[in-house]
Each structure stands twice: as C-alpha cells, then as structure tokens.
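Peer 1: Got a file for you: start.txt, compact mmCIF, C-alpha atoms and all ligand atoms.
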# COMPACT_ATOMS: atom_id res chain seq x y z
CA MET T 141 -10.72 13.28 -44.77
CA LEU T 142 -13.02 10.32 -44.21
CA ASN T 143 -11.97 7.00 -42.76
CA LYS T 144 -14.26 4.40 -44.26
CA ASN T 145 -13.49 1.39 -42.10
CA ASP T 146 -17.11 1.44 -41.01
CA SER T 147 -18.52 2.65 -44.32
CA SER T 148 -20.41 1.10 -47.20
CA PHE T 149 -17.22 -0.70 -48.20
CA THR T 150 -18.29 -4.32 -48.47
CA GLY T 151 -15.00 -6.13 -48.78
CA ASN T 152 -15.81 -6.96 -52.40
CA ALA T 153 -13.47 -5.35 -54.92
CA ARG T 154 -16.30 -5.01 -57.44
CA SER T 155 -17.79 -2.35 -55.19
CA VAL T 156 -14.50 -0.54 -54.67
CA SER T 157 -14.70 2.79 -56.30
CA ALA T 158 -11.40 4.64 -56.49
CA ILE T 159 -12.99 7.71 -58.09
CA ASP T 160 -16.47 9.08 -57.33
CA TRP T 161 -18.19 12.31 -58.27
CA LEU T 162 -20.29 13.59 -55.36
CA PRO T 163 -23.63 15.36 -56.02
CA GLU T 164 -22.46 18.39 -54.02
CA GLY T 165 -19.78 19.02 -56.66
CA LYS T 166 -16.74 17.37 -55.11
CA LEU T 167 -14.46 14.59 -56.24
CA LYS T 168 -13.97 11.67 -53.86
CA LEU T 169 -10.81 9.60 -54.22
CA LEU T 170 -9.65 6.50 -52.40
CA ASP T 171 -6.16 7.39 -51.14
CA GLN T 172 -4.14 4.56 -52.70
CA ARG T 173 -1.02 5.56 -50.76
CA LYS T 174 -2.63 4.20 -47.60
CA LEU T 175 -3.66 0.79 -48.93
CA PRO T 176 -3.70 -2.02 -47.96
CA THR T 177 -3.69 -1.10 -44.28
CA GLU T 178 -6.19 1.78 -44.34
CA GLU T 179 -9.13 2.67 -46.56
CA VAL T 180 -9.15 6.43 -46.46
CA TYR T 181 -11.12 8.64 -48.83
CA ILE T 182 -10.40 12.28 -49.54
CA GLU T 183 -12.74 14.88 -51.03
CA LEU T 184 -11.39 17.44 -53.48
CA SER T 185 -12.90 20.80 -54.41
CA THR T 186 -10.36 22.33 -56.81
CA ALA T 187 -8.47 21.44 -59.96
CA ALA T 188 -5.24 22.10 -58.07
CA ASP T 189 -6.28 19.47 -55.52
CA ALA T 190 -6.90 17.01 -58.36
CA ALA T 191 -3.52 17.75 -59.94
CA ALA T 192 -1.79 17.28 -56.57
CA ALA T 193 -3.64 14.00 -56.02
CA ILE T 194 -2.34 12.70 -59.37
CA LYS T 195 1.22 13.93 -58.77
CA ASP T 196 1.35 12.51 -55.24
CA MET T 197 -0.14 9.12 -56.27
CA VAL T 198 -3.35 9.38 -54.26
CA VAL T 199 -4.75 8.15 -57.55
CA ARG T 200 -2.60 6.40 -60.13
CA GLY T 201 -2.84 4.12 -63.14
CA ALA T 202 -3.16 5.59 -66.64
CA PRO T 203 -6.95 5.50 -67.15
CA ALA T 204 -7.66 6.57 -63.54
CA ILE T 205 -5.36 9.55 -63.97
CA GLY T 206 -7.25 10.60 -67.11
CA ILE T 207 -10.64 10.27 -65.42
CA THR T 208 -9.45 12.26 -62.39
CA ALA T 209 -8.11 15.03 -64.63
CA ALA T 210 -11.45 15.20 -66.46
CA TYR T 211 -13.29 15.66 -63.16
CA GLY T 212 -10.57 18.19 -62.25
CA VAL T 213 -11.72 20.36 -65.16
CA VAL T 214 -15.29 20.19 -63.83
CA LEU T 215 -13.99 21.35 -60.44
CA SER T 216 -12.15 24.20 -62.15
CA VAL T 217 -15.28 25.52 -63.89
CA LEU T 218 -17.40 25.07 -60.76
CA LYS T 219 -14.93 27.10 -58.73
CA SER T 220 -13.92 29.81 -61.18
CA GLY T 221 -17.14 30.15 -63.20
CA PRO T 222 -17.45 29.80 -66.97
CA ASP T 223 -16.34 33.39 -67.67
CA SER T 224 -12.92 32.78 -66.12
CA THR T 225 -11.66 31.04 -69.24
CA ASP T 226 -8.09 32.09 -68.45
CA GLN T 227 -8.25 30.47 -65.01
CA VAL T 228 -9.75 27.28 -66.45
CA ALA T 229 -7.00 27.18 -69.11
CA ARG T 230 -4.38 27.61 -66.37
CA ASP T 231 -5.98 24.82 -64.33
CA ILE T 232 -5.90 22.54 -67.37
CA GLU T 233 -2.18 23.28 -67.72
CA VAL T 234 -1.61 22.44 -64.05
CA LEU T 235 -3.48 19.16 -64.50
CA ALA T 236 -1.47 18.37 -67.64
CA ALA T 237 1.79 18.95 -65.75
CA SER T 238 0.92 16.49 -62.98
CA ARG T 239 2.52 13.39 -64.58
CA PRO T 240 4.19 13.00 -67.99
CA THR T 241 4.04 9.41 -69.22
CA ALA T 242 0.43 8.19 -69.26
CA VAL T 243 -1.11 9.71 -72.40
CA ASN T 244 -4.63 9.10 -71.03
CA LEU T 245 -4.15 12.30 -69.01
CA PHE T 246 -3.69 14.45 -72.13
CA TRP T 247 -6.35 12.53 -74.05
CA ALA T 248 -8.94 13.20 -71.33
CA LEU T 249 -7.99 16.87 -71.06
CA ASP T 250 -8.33 17.22 -74.85
CA ARG T 251 -11.85 15.83 -74.65
CA MET T 252 -12.74 18.32 -71.93
CA LYS T 253 -11.18 21.19 -73.92
CA ARG T 254 -13.30 20.25 -76.92
CA VAL T 255 -16.46 20.54 -74.79
CA ILE T 256 -15.41 24.03 -73.67
CA GLN T 257 -14.65 25.06 -77.26
CA GLN T 258 -17.98 23.68 -78.44
CA HIS T 259 -19.78 25.64 -75.70
CA GLU T 260 -17.97 28.82 -76.73
CA SER T 261 -18.96 28.44 -80.36
CA HIS T 262 -22.37 26.69 -80.33
CA GLY T 263 -23.60 26.36 -76.73
CA SER T 264 -23.22 23.24 -74.63
CA PRO T 265 -24.13 19.79 -75.96
CA VAL T 266 -26.39 18.77 -73.11
CA ASP T 267 -29.79 17.16 -73.57
CA THR T 268 -32.74 19.27 -74.78
CA LEU T 269 -34.58 19.37 -71.45
CA SER T 270 -31.51 20.73 -69.64
CA ARG T 271 -30.94 23.26 -72.44
CA GLU T 272 -34.43 24.74 -71.88
CA THR T 273 -34.23 24.99 -68.12
CA LEU T 274 -30.61 25.86 -67.25
CA SER T 275 -28.52 29.04 -67.50
CA GLN T 276 -25.50 29.20 -69.84
CA GLU T 277 -23.19 28.93 -66.83
CA THR T 278 -24.87 25.79 -65.57
CA LEU T 279 -25.06 24.38 -69.08
CA LEU T 280 -21.26 24.38 -69.41
CA GLN T 281 -20.84 22.79 -65.99
CA GLU T 282 -23.41 20.15 -66.92
CA ALA T 283 -21.80 19.47 -70.28
CA LEU T 284 -18.37 19.05 -68.67
CA LEU T 285 -19.71 16.79 -65.96
CA GLN T 286 -21.50 14.68 -68.56
CA GLU T 287 -18.27 14.37 -70.54
CA ALA T 288 -16.20 13.39 -67.46
CA GLN T 289 -18.81 10.80 -66.50
CA LEU T 290 -18.87 9.49 -70.06
CA ILE T 291 -15.07 9.13 -70.04
CA HIS T 292 -15.43 7.22 -66.76
CA GLU T 293 -18.23 4.93 -68.02
CA GLN T 294 -16.58 4.29 -71.37
CA ASP T 295 -13.42 3.16 -69.60
CA ILE T 296 -15.30 0.53 -67.60
CA ALA T 297 -17.08 -0.69 -70.74
CA ALA T 298 -13.76 -0.85 -72.62
CA ASN T 299 -12.18 -2.88 -69.81
CA LYS T 300 -14.96 -5.44 -69.85
CA LYS T 301 -14.79 -5.78 -73.62
CA MET T 302 -11.00 -6.18 -73.52
CA GLY T 303 -11.25 -8.79 -70.77
CA ALA T 304 -13.64 -10.87 -72.87
CA SER T 305 -11.65 -10.67 -76.09
CA ALA T 306 -8.29 -11.24 -74.37
CA VAL T 307 -9.58 -14.42 -72.76
CA ALA T 308 -11.05 -15.59 -76.08
CA LEU T 309 -7.62 -15.13 -77.67
CA MET T 310 -5.87 -16.99 -74.86
CA ARG T 311 -8.32 -19.89 -75.06
CA ALA T 312 -7.83 -20.06 -78.81
CA ARG T 313 -4.07 -20.23 -78.36
CA GLN T 314 -3.80 -22.82 -75.57
CA SER T 315 -5.66 -25.32 -73.47
CA THR T 316 -6.92 -24.30 -70.05
CA PRO T 317 -6.25 -23.65 -67.18
CA ILE T 318 -4.20 -20.53 -67.94
CA ARG T 319 -1.48 -19.26 -65.62
CA VAL T 320 -0.69 -15.56 -65.58
CA LEU T 321 2.05 -13.31 -64.25
CA THR T 322 1.09 -9.64 -63.94
CA HIS T 323 2.95 -6.49 -62.98
CA CYS T 324 2.00 -3.24 -61.24
CA ASN T 325 -1.68 -2.60 -60.53
CA THR T 326 -4.04 -2.51 -63.47
CA GLY T 327 -7.31 -3.26 -61.72
CA ALA T 328 -10.36 -1.33 -60.54
CA LEU T 329 -8.03 1.02 -58.68
CA ALA T 330 -6.04 1.96 -61.78
CA THR T 331 -9.01 2.46 -64.10
CA GLY T 332 -12.65 3.53 -64.12
CA GLY T 333 -13.39 0.03 -62.79
CA TYR T 334 -12.79 -3.69 -63.56
CA GLY T 335 -9.28 -3.21 -64.93
CA THR T 336 -7.13 -3.77 -68.02
CA ALA T 337 -4.64 -6.60 -67.40
CA LEU T 338 -6.35 -7.37 -64.10
CA GLY T 339 -9.67 -7.30 -65.95
CA VAL T 340 -8.29 -10.22 -67.98
CA VAL T 341 -7.48 -12.03 -64.74
CA ARG T 342 -11.00 -11.31 -63.48
CA ARG T 343 -12.48 -12.65 -66.72
CA LEU T 344 -10.34 -15.81 -66.60
CA HIS T 345 -11.63 -16.33 -63.07
CA GLU T 346 -15.24 -15.68 -64.16
CA GLU T 347 -14.86 -18.29 -66.92
CA ASN T 348 -13.29 -20.74 -64.45
CA VAL T 349 -10.12 -21.10 -66.49
CA LEU T 350 -7.65 -19.18 -64.33
CA GLY T 351 -4.88 -21.62 -63.42
CA HIS T 352 -3.22 -19.13 -61.12
CA VAL T 353 -2.17 -15.52 -61.00
CA TYR T 354 1.23 -14.39 -59.76
CA ALA T 355 1.57 -10.71 -58.91
CA ASP T 356 4.94 -8.99 -59.05
CA GLU T 357 5.36 -6.81 -55.96
CA THR T 358 6.47 -3.95 -58.30
CA ARG T 359 9.33 -2.10 -56.66
CA PRO T 360 9.74 0.63 -55.68
CA TRP T 361 6.17 1.87 -55.06
CA LEU T 362 4.83 -1.67 -54.57
CA GLN T 363 1.64 -1.34 -56.60
CA GLY T 364 1.55 -5.13 -56.96
CA ALA T 365 1.93 -5.91 -53.26
CA ARG T 366 -0.21 -3.11 -51.91
CA LEU T 367 -2.92 -2.81 -54.57
CA THR T 368 -3.13 -5.83 -56.91
CA ALA T 369 -2.82 -8.34 -54.10
CA TRP T 370 -5.36 -6.33 -52.10
CA GLU T 371 -7.90 -6.22 -54.93
CA LEU T 372 -7.58 -9.94 -55.64
CA VAL T 373 -7.71 -10.96 -51.98
CA GLN T 374 -10.85 -8.81 -51.53
CA GLU T 375 -12.45 -10.55 -54.46
CA GLY T 376 -11.45 -14.06 -53.46
CA ILE T 377 -9.30 -14.68 -56.53
CA PRO T 378 -6.33 -16.82 -55.42
CA VAL T 379 -3.14 -14.82 -55.94
CA THR T 380 0.50 -15.42 -55.11
CA LEU T 381 2.67 -12.40 -54.50
CA ASN T 382 6.29 -12.65 -55.60
CA ALA T 383 9.30 -10.36 -55.46
CA ASP T 384 9.97 -8.87 -58.91
CA VAL T 385 13.27 -10.67 -59.09
CA ALA T 386 11.50 -14.04 -58.78
CA ALA T 387 9.79 -13.65 -62.17
CA GLY T 388 12.55 -15.38 -64.17
CA HIS T 389 12.64 -18.24 -61.70
CA LEU T 390 8.86 -18.69 -61.98
CA MET T 391 9.07 -18.80 -65.76
CA GLN T 392 11.99 -21.24 -65.71
CA ALA T 393 10.02 -23.47 -63.36
CA GLY T 394 7.21 -23.68 -65.95
CA LYS T 395 4.63 -21.89 -63.79
CA ILE T 396 3.59 -19.15 -66.22
CA ASP T 397 1.79 -19.26 -69.58
CA TRP T 398 1.14 -15.59 -70.21
CA VAL T 399 2.60 -12.34 -68.92
CA VAL T 400 -0.29 -9.84 -68.97
CA VAL T 401 0.33 -6.15 -68.34
CA GLY T 402 -1.33 -2.76 -68.86
CA ALA T 403 0.18 0.28 -70.54
CA ASP T 404 0.68 3.98 -70.00
CA ARG T 405 1.37 4.89 -73.62
CA ILE T 406 1.53 2.85 -76.83
CA THR T 407 3.13 4.50 -79.86
CA ALA T 408 2.31 4.17 -83.56
CA ASN T 409 4.61 1.16 -83.99
CA GLY T 410 3.24 -0.71 -80.95
CA ASP T 411 6.11 0.10 -78.57
CA THR T 412 4.65 0.20 -75.07
CA ALA T 413 5.54 2.24 -72.00
CA ASN T 414 4.44 0.60 -68.77
CA LYS T 415 5.59 0.33 -65.16
CA ILE T 416 9.33 -0.06 -64.69
CA GLY T 417 10.22 -3.74 -64.88
CA THR T 418 7.80 -4.53 -67.72
CA TYR T 419 10.58 -4.57 -70.32
CA SER T 420 12.58 -7.08 -68.26
CA LEU T 421 9.51 -9.31 -68.09
CA ALA T 422 9.07 -9.16 -71.89
CA VAL T 423 12.70 -10.17 -72.45
CA LEU T 424 12.33 -13.00 -69.95
CA ALA T 425 9.07 -14.15 -71.55
CA LYS T 426 10.69 -14.24 -75.00
CA HIS T 427 13.62 -16.26 -73.64
CA HIS T 428 11.27 -18.80 -72.10
CA GLY T 429 8.92 -18.98 -75.10
CA LEU T 430 5.99 -17.51 -73.15
CA LYS T 431 3.28 -15.20 -74.43
CA PHE T 432 3.34 -11.49 -73.62
CA MET T 433 0.07 -9.51 -73.75
CA VAL T 434 -0.56 -5.77 -73.34
CA VAL T 435 -4.12 -4.74 -72.47
CA ALA T 436 -5.01 -1.07 -72.87
CA PRO T 437 -7.91 1.09 -74.03
CA GLU T 438 -7.72 3.35 -77.07
CA SER T 439 -7.12 6.29 -74.71
CA THR T 440 -3.64 4.84 -74.10
CA ILE T 441 -2.71 4.83 -77.81
CA ASP T 442 -0.58 7.74 -78.98
CA MET T 443 -0.42 7.71 -82.76
CA GLN T 444 1.37 11.07 -82.68
CA LEU T 445 4.57 9.38 -81.51
CA ARG T 446 6.26 7.02 -83.93
CA THR T 447 8.31 4.90 -81.49
CA GLY T 448 8.75 4.29 -77.80
CA GLN T 449 11.96 6.32 -77.82
CA ASP T 450 9.77 9.43 -78.08
CA ILE T 451 7.83 8.68 -74.88
CA PRO T 452 8.66 10.94 -71.92
CA ILE T 453 9.67 8.65 -69.06
CA GLU T 454 8.85 9.99 -65.62
CA GLU T 455 11.62 9.97 -63.03
CA ARG T 456 10.51 10.30 -59.44
CA GLU T 457 12.32 11.16 -56.23
CA GLY T 458 14.97 8.75 -54.98
CA ASP T 459 13.13 8.66 -51.63
CA GLU T 460 10.88 6.01 -53.19
CA ILE T 461 13.93 3.73 -53.46
CA VAL T 462 15.81 4.50 -50.27
CA ALA T 463 12.80 4.15 -47.99
CA VAL T 464 9.86 1.78 -47.69
CA LYS T 465 6.88 3.32 -45.86
CA GLY T 466 9.24 5.81 -44.21
CA GLN T 467 11.72 3.12 -43.11
CA ILE T 468 15.20 3.92 -44.50
CA ILE T 469 16.77 0.91 -46.26
CA ALA T 470 19.83 2.49 -47.93
CA PRO T 471 22.75 4.54 -46.66
CA GLN T 472 22.31 8.29 -46.38
CA GLY T 473 23.78 10.21 -49.31
CA VAL T 474 23.59 7.35 -51.82
CA HIS T 475 22.85 8.43 -55.42
CA THR T 476 19.59 7.11 -56.82
CA PHE T 477 18.01 6.58 -60.24
CA ASN T 478 14.24 6.16 -60.21
CA PRO T 479 12.66 5.96 -63.68
CA VAL T 480 9.13 4.72 -63.03
CA PHE T 481 8.31 3.46 -66.52
CA ASP T 482 10.19 1.60 -69.25
CA VAL T 483 9.49 0.84 -72.89
CA THR T 484 8.86 -2.65 -74.24
CA PRO T 485 9.68 -2.82 -77.98
CA HIS T 486 6.78 -4.04 -80.11
CA ASP T 487 8.67 -7.11 -81.33
CA LEU T 488 8.57 -8.55 -77.79
CA ILE T 489 4.77 -8.27 -77.67
CA ASP T 490 2.49 -11.10 -78.82
CA ALA T 491 -0.75 -9.15 -78.62
CA ILE T 492 -2.04 -5.67 -77.84
CA VAL T 493 -5.66 -5.96 -76.76
CA THR T 494 -7.86 -2.85 -77.04
CA GLU T 495 -11.62 -2.35 -77.08
CA LYS T 496 -11.35 -1.62 -80.81
CA GLY T 497 -9.71 -4.94 -81.55
CA ILE T 498 -6.64 -7.10 -81.00
CA ILE T 499 -3.35 -6.57 -82.77
CA GLU T 500 -1.24 -9.70 -82.81
CA TYR T 501 2.51 -9.20 -83.33
CA PRO T 502 2.04 -5.42 -83.50
CA ASN T 503 3.81 -3.14 -85.93
CA GLU T 504 3.14 0.29 -87.41
CA THR T 505 1.14 -1.00 -90.38
CA LYS T 506 -1.23 -2.98 -88.17
CA MET T 507 -1.51 -0.14 -85.65
CA ARG T 508 -2.41 2.33 -88.40
CA ALA T 509 -4.97 -0.04 -89.84
CA LEU T 510 -6.80 -0.14 -86.50
CA PHE T 511 -6.15 3.40 -85.31
CA ALA T 512 -6.57 5.52 -88.42
CA LYS T 513 -4.79 8.59 -87.05
CA THR T 514 -1.29 9.03 -88.45
CA CYS T 515 1.90 10.38 -86.98
CA ASP T 516 4.02 12.69 -89.13
O1 LIG T 601 2.94 4.84 -61.55
P1 LIG T 601 1.57 4.24 -61.73
O2 LIG T 601 1.13 3.42 -60.57
O3 LIG T 601 0.56 5.26 -62.17
O4 LIG T 601 1.76 3.24 -62.95
C1 LIG T 601 0.69 2.47 -63.38
C2 LIG T 601 1.06 1.51 -64.44
O5 LIG T 601 2.17 1.50 -64.93
C3 LIG T 601 -0.01 0.61 -64.94
O6 LIG T 601 0.53 -0.63 -65.30
C4 LIG T 601 -0.62 1.24 -66.18
O7 LIG T 601 -1.06 2.55 -65.89
C5 LIG T 601 -1.75 0.47 -66.72
S1 LIG T 601 -3.12 0.62 -65.60
C6 LIG T 601 -4.51 0.16 -66.26
Have the structure of the file written as structure tokens, please.
Peer 2:
Amino acid sequence: MLNKNDSSFTGNARSVSAIDWLPEGKLKLLDQRKLPTEEVYIELSTAADAAAAIKDMVVRGAPAIGITAAYGVVLSVLKSGPDSTDQVARDIEVLAASRPTAVNLFWALDRMKRVIQQHESHGSPVDTLSRETLSQETLLQEALLQEAQLIHEQDIAANKKMGASAVALMRARQSTPIRVLTHCNTGALATGGYGTALGVVRRLHEENVLGHVYADETRPWLQGARLTAWELVQEGIPVTLNADVAAGHLMQAGKIDWVVVGADRITANGDTANKIGTYSLAVLAKHHGLKFMVVAPESTIDMQLRTGQDIPIEEREGDEIVAVKGQIIAPQGVHTFNPVFDVTPHDLIDAIVTEKGIIEYPNETKMRALFAKTCD
C-alpha cells in the first residue's frame, strides 16, 4: 500500500488518476474509501483483488467499475497463463459477481471475452510488428491489455464529447449563467477521467457559464461529500455541499436550473438506474419545473432490458446506514433497508446525453433509433 501524500499528486483534479495500469503488470487504484482525508493507492496483482476492490468500493462509479474489471481480466491471464482458460473464465465470473447494477461491468467483460474468443479462433488482434515478434501467450496478454486500455481511453473521450454537447443543449435552452444540482460522484474518480455529469459541470466552468454547482452529500456512502466536493475543491470550481434533504428547499428557493446526474444502467425505454436519491430529485425537479439531465456513455445503455423494473438493484449492508466512518449513529439491533440505487422513469427525464447523441424526452422509439440493438 502506498501513501501518496508526498507523491506526484499535484492537487489538480485533472491529474488525479483513479485507475492506472503499471508497466510491471499491476493495477493501481486510488482507494476512494479513504478520501477526502487520505490519498492512498493500492496495487493489485490478481483478478480476485480487482473483484474485491469493486465490491468493497475501493473503486466505484459505473464506468470506473467496467474499466477496473477489464484490467482484472488482464491480471487473470497474466497470473494463470493463456492455457488456463477455465481459470480465466472463473475469474471473469468472479468479476461479474462483484456488483449487480452498473451494466458497464458486464459490457466491459463482454468486450474482453470477445478478445479471448477471437484469439482462440484467429490469433490475437494486435498490431503487425507485435505479431511477428511475440509468442502466442504474450500476444493474448497484449491484445487484452490493448482492449482494456482502449476501453479506458474511449471512456475519457466519450465524457469530453458528452460534456460539450450537454453544455450546448443547456445554452440553447436557457440564458447563462447556469446553476446545477448534482448527486453522487460522477467525476474523474467514477470514470476513466473527466466525468459524466461532473464532466458537464467542468465544461460549464471551462466555458465560463457555470452559475454555481450544488453537490448533494449522497447518503449513506457520502460520494457527494467525500468525492465530488473533493474533486471540485481540488480543481478550484466553486461548489456548495448540501445535505440531500436540502435539495427541495434549494429548488423552491429558485437556486437551481438543471439537475444533472450520471447513470448506472439505462434501459430500452430510457428508464435510468442511478444512485439512491436520484428518483426523488427527478420528482422534485418536475414539481418545480426544472430540467433533469442524465449523462452517460453508451456502455451504460442496456437495450436488453425493456424497462427500469427489470434492473437488479443492489442492496448493501445496513452498516452503511447505522454508522458513519465507524461512528455508530443508530441504536443497536435496528432493522435497516439499504438499496443503493433507484430507478427514475423516463418521463421525468428531459434529456439523456450520450457520446452517440442526445435523446430529448426519451422513450423506447427514440432509444431504439439511436441504439439499434433491440430487446425481445
Ligand atoms: O455506488 P457507486 O458509488 O458506484 O454509485 C455511483 C453512481 O451511482 C454514479 O452516479 C453512476 O455510476 C454514474 S458515474 C459516472
């Protein structure tokens, strides 16, 4: 475990890298459980380590989970060798079982599985020079690493594109400055870099049209307080942290124009699973006549599921509710209910912004027009 208080960390969130592949064949993760008080990095050598890191929230956020799982497959092949296909398949199952709601996890694992299948049938799709100089074993490792790195890079590119088009839509719909309320953490920490909803905030700031950003603290795990506020403070973007229950009051007081959130899974009709509390925000936004935007890459779209009712909603241990950082705040023996995502119906959403395009007032017809895959 490395403590990077004296490291290359510069205090600028643009340089924060939550996920890094190390040349010696290890995966380095920023331990998000320790933020904002400590910046601790851990190095992983096995797929089981990567699965545990996802399950235990060392790394979290839908795209970041997918990227970590992809690197987890690389770790699996490095450790077990390409001939241990059974072990690699078992590792992929362990990675897939780490968290249920964010579809990016399964999407990334499918991409990695396709590379393995391609290697088995035609040899690995690495560049010609590598093909001439490397053994079959190394070729598969190289091909998997290239795919994981591509998934990582494509996510950053998607975020930047979504940030630009989301801001263009906002500016077309209203005069500036634009005031935003966001929920959970959707920034560089939750993605390959830059961020989905927080990427929009970054872009508003870059274009000098950000009126203000309010960040919900996001009970119970406090992604907003610990991570979003941290990222924005690092970057010098003025942010006000509020308790989740203050959101309605903020809207009533006329301080918000747009609610902007990320997503963990969007179904064929546009229903959107995101961090618990998102649905309440959408209802509140509708009541107050405010705009509600979901920002998510194509890897978050699940056209196999028709509606949000089909999305598996993760429930986590009650400990997350009865204690804050180990401090007990509820009586011993109390029953708890801790669903960590909820579903916002598509008719409460003004726009879903993806790198492939924007869907205003989403429904199944519009979703299918943009994302050709069908659900049966
Ligand atoms: O439980 P988490 O922290 O993994 O939940 C994260 C969220 O719900 C985010 O809002 C979502 O993944 C979008 S992140 C780009």
Peer 1: Do you know which residues are at most 12 Å from range 372-382 of chain T counting only C-alpha atoms, after dropping those on the same chain fewer than 6 positions away, and could you put them as an MDAnalysis selection string?
Peer 2: chainID T and resid 149:156 176 319:329 334:335 338:339 341:346 348:359 362:366 388:390 395
Peer 1: At a cut-off of 8 Å and counting all atoms listed in the file, what residues surround ligand LIG 601 (chain T)? Please answer as JSON, numbers by chain.
Peer 2: {"T": [197, 199, 200, 201, 202, 203, 204, 205, 242, 323, 324, 325, 326, 327, 330, 331, 335, 336, 337, 361, 363, 401, 402, 403, 404, 413, 414, 415, 416, 435, 436, 480, 481]}
Peer 1: If you measure from CA of Gln449 in chain T to CA of Thr368 in chain T, what distance in Å do you get, rounded to one decimal?
Peer 2: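 Going from CA of Gln449 in chain T over to CA of Thr368 in chain T covers 28.5 Å.
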Peer 1: At a cut-off of 8 Å, using all atoms listed in the file, what residues contact Arg251 in chain T? Leave out same-chain residues fewer than 4 positions from it and give the result as a PyMOL selection string.
Peer 2: chain T and resi 247+255+287
Peer 1: Only C-alpha atoms, please: the residues just picked out, written as a PDB file, keeping the file's coordinate frame.
Peer 2:
ATOM      1  CA  TRP T 247      -6.350  12.530 -74.050  1.00  0.00           C
ATOM      2  CA  VAL T 255     -16.460  20.540 -74.790  1.00  0.00           C
ATOM      3  CA  GLU T 287     -18.270  14.370 -70.540  1.00  0.00           C
TER       4      GLU T 287
END
Peer 1: Interatomic distance between CA of Gln257 in chain T and CA of Asn299 in chain T?
Peer 2: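 So the answer is 29.0 Å.
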Peer 1: What's around Ala288 in chain T at 10 Å? Count all atoms listed in the file, leave out sequence neighbours fewer than 5 positions away in its own chain, and write the answer as a CSV table (one decimal) with C-alpha atoms, keeping the file's coordinate frame.
Peer 2:
chain,number,residue,atom,x,y,z
T,161,TRP,CA,-18.2,12.3,-58.3
T,206,GLY,CA,-7.2,10.6,-67.1
T,207,ILE,CA,-10.6,10.3,-65.4
T,208,THR,CA,-9.4,12.3,-62.4
T,209,ALA,CA,-8.1,15.0,-64.6
T,210,ALA,CA,-11.4,15.2,-66.5
T,211,TYR,CA,-13.3,15.7,-63.2
T,212,GLY,CA,-10.6,18.2,-62.2
T,213,VAL,CA,-11.7,20.4,-65.2
T,214,VAL,CA,-15.3,20.2,-63.8
T,248,ALA,CA,-8.9,13.2,-71.3
T,249,LEU,CA,-8.0,16.9,-71.1
T,251,ARG,CA,-11.8,15.8,-74.6
T,252,MET,CA,-12.7,18.3,-71.9
T,282,GLU,CA,-23.4,20.2,-66.9
T,283,ALA,CA,-21.8,19.5,-70.3
T,293,GLU,CA,-18.2,4.9,-68.0
T,294,GLN,CA,-16.6,4.3,-71.4
Peer 1: In Å, with one decimal, what is the gap from CA of Ala425 in chain T to CA of Arg405 in chain T?
Peer 2: 20.6 Å
Peer 1: Between T:Gln392, T:Gln472, T:Ser305, T:Ser216, which has the minimum distance to Thr494 in chain T (counting only C-alpha atoms)?
Peer 2: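 Once distances to Thr494 in chain T are computed over only C-alpha atoms, the minimum belongs to T:Ser305.
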Peer 1: My structure is short of atoms at range 320-334 of chain T; please model N, CA, C and O atoms there, returning them as a CSV table (one decimal), keeping the file's coordinate frame.
Peer 2:
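Below you can see selection18.csv, which holds the result:
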chain,number,residue,atom,x,y,z
T,320,VAL,N,-1.0,-16.9,-65.2
T,320,VAL,CA,-0.7,-15.6,-65.6
T,320,VAL,C,0.3,-15.0,-64.6
T,320,VAL,O,0.2,-15.2,-63.4
T,321,LEU,N,1.2,-14.2,-65.1
T,321,LEU,CA,2.0,-13.3,-64.2
T,321,LEU,C,1.7,-11.9,-64.6
T,321,LEU,O,1.6,-11.5,-65.8
T,322,THR,N,1.4,-11.0,-63.6
T,322,THR,CA,1.1,-9.6,-63.9
T,322,THR,C,2.0,-8.7,-63.1
T,322,THR,O,2.6,-9.1,-62.2
T,323,HIS,N,2.0,-7.5,-63.5
T,323,HIS,CA,3.0,-6.5,-63.0
T,323,HIS,C,2.2,-5.2,-62.7
T,323,HIS,O,1.3,-4.8,-63.4
T,324,CYS,N,2.6,-4.5,-61.6
T,324,CYS,CA,2.0,-3.2,-61.2
T,324,CYS,C,0.5,-3.5,-60.8
T,324,CYS,O,0.2,-4.6,-60.5
T,325,ASN,N,-0.2,-2.4,-60.8
T,325,ASN,CA,-1.7,-2.6,-60.5
T,325,ASN,C,-2.4,-2.0,-61.7
T,325,ASN,O,-2.3,-0.9,-62.1
T,326,THR,N,-3.3,-2.9,-62.3
T,326,THR,CA,-4.0,-2.5,-63.5
T,326,THR,C,-5.5,-2.8,-63.3
T,326,THR,O,-6.3,-3.0,-64.2
T,327,GLY,N,-5.9,-2.8,-62.0
T,327,GLY,CA,-7.3,-3.3,-61.7
T,327,GLY,C,-8.3,-2.1,-61.6
T,327,GLY,O,-8.1,-1.0,-62.2
T,328,ALA,N,-9.3,-2.3,-60.8
T,328,ALA,CA,-10.4,-1.3,-60.5
T,328,ALA,C,-9.7,0.0,-60.0
T,328,ALA,O,-10.2,1.1,-60.3
T,329,LEU,N,-8.7,-0.2,-59.3
T,329,LEU,CA,-8.0,1.0,-58.7
T,329,LEU,C,-7.3,1.9,-59.7
T,329,LEU,O,-7.2,3.1,-59.5
T,330,ALA,N,-6.9,1.3,-60.8
T,330,ALA,CA,-6.0,2.0,-61.8
T,330,ALA,C,-6.9,2.5,-63.0
T,330,ALA,O,-6.3,3.1,-63.8
T,331,THR,N,-8.2,2.2,-62.9
T,331,THR,CA,-9.0,2.5,-64.1
T,331,THR,C,-10.4,3.0,-63.6
T,331,THR,O,-10.5,3.3,-62.4
T,332,GLY,N,-11.3,3.1,-64.5
T,332,GLY,CA,-12.6,3.5,-64.1
T,332,GLY,C,-13.3,2.4,-63.3
T,332,GLY,O,-14.2,2.7,-62.5
T,333,GLY,N,-12.9,1.2,-63.5
T,333,GLY,CA,-13.4,0.0,-62.8
T,333,GLY,C,-13.1,-1.2,-63.6
T,333,GLY,O,-12.8,-1.1,-64.8
T,334,TYR,N,-13.0,-2.4,-63.0
T,334,TYR,CA,-12.8,-3.7,-63.6
T,334,TYR,C,-11.3,-3.9,-63.9
T,334,TYR,O,-10.7,-4.8,-63.3
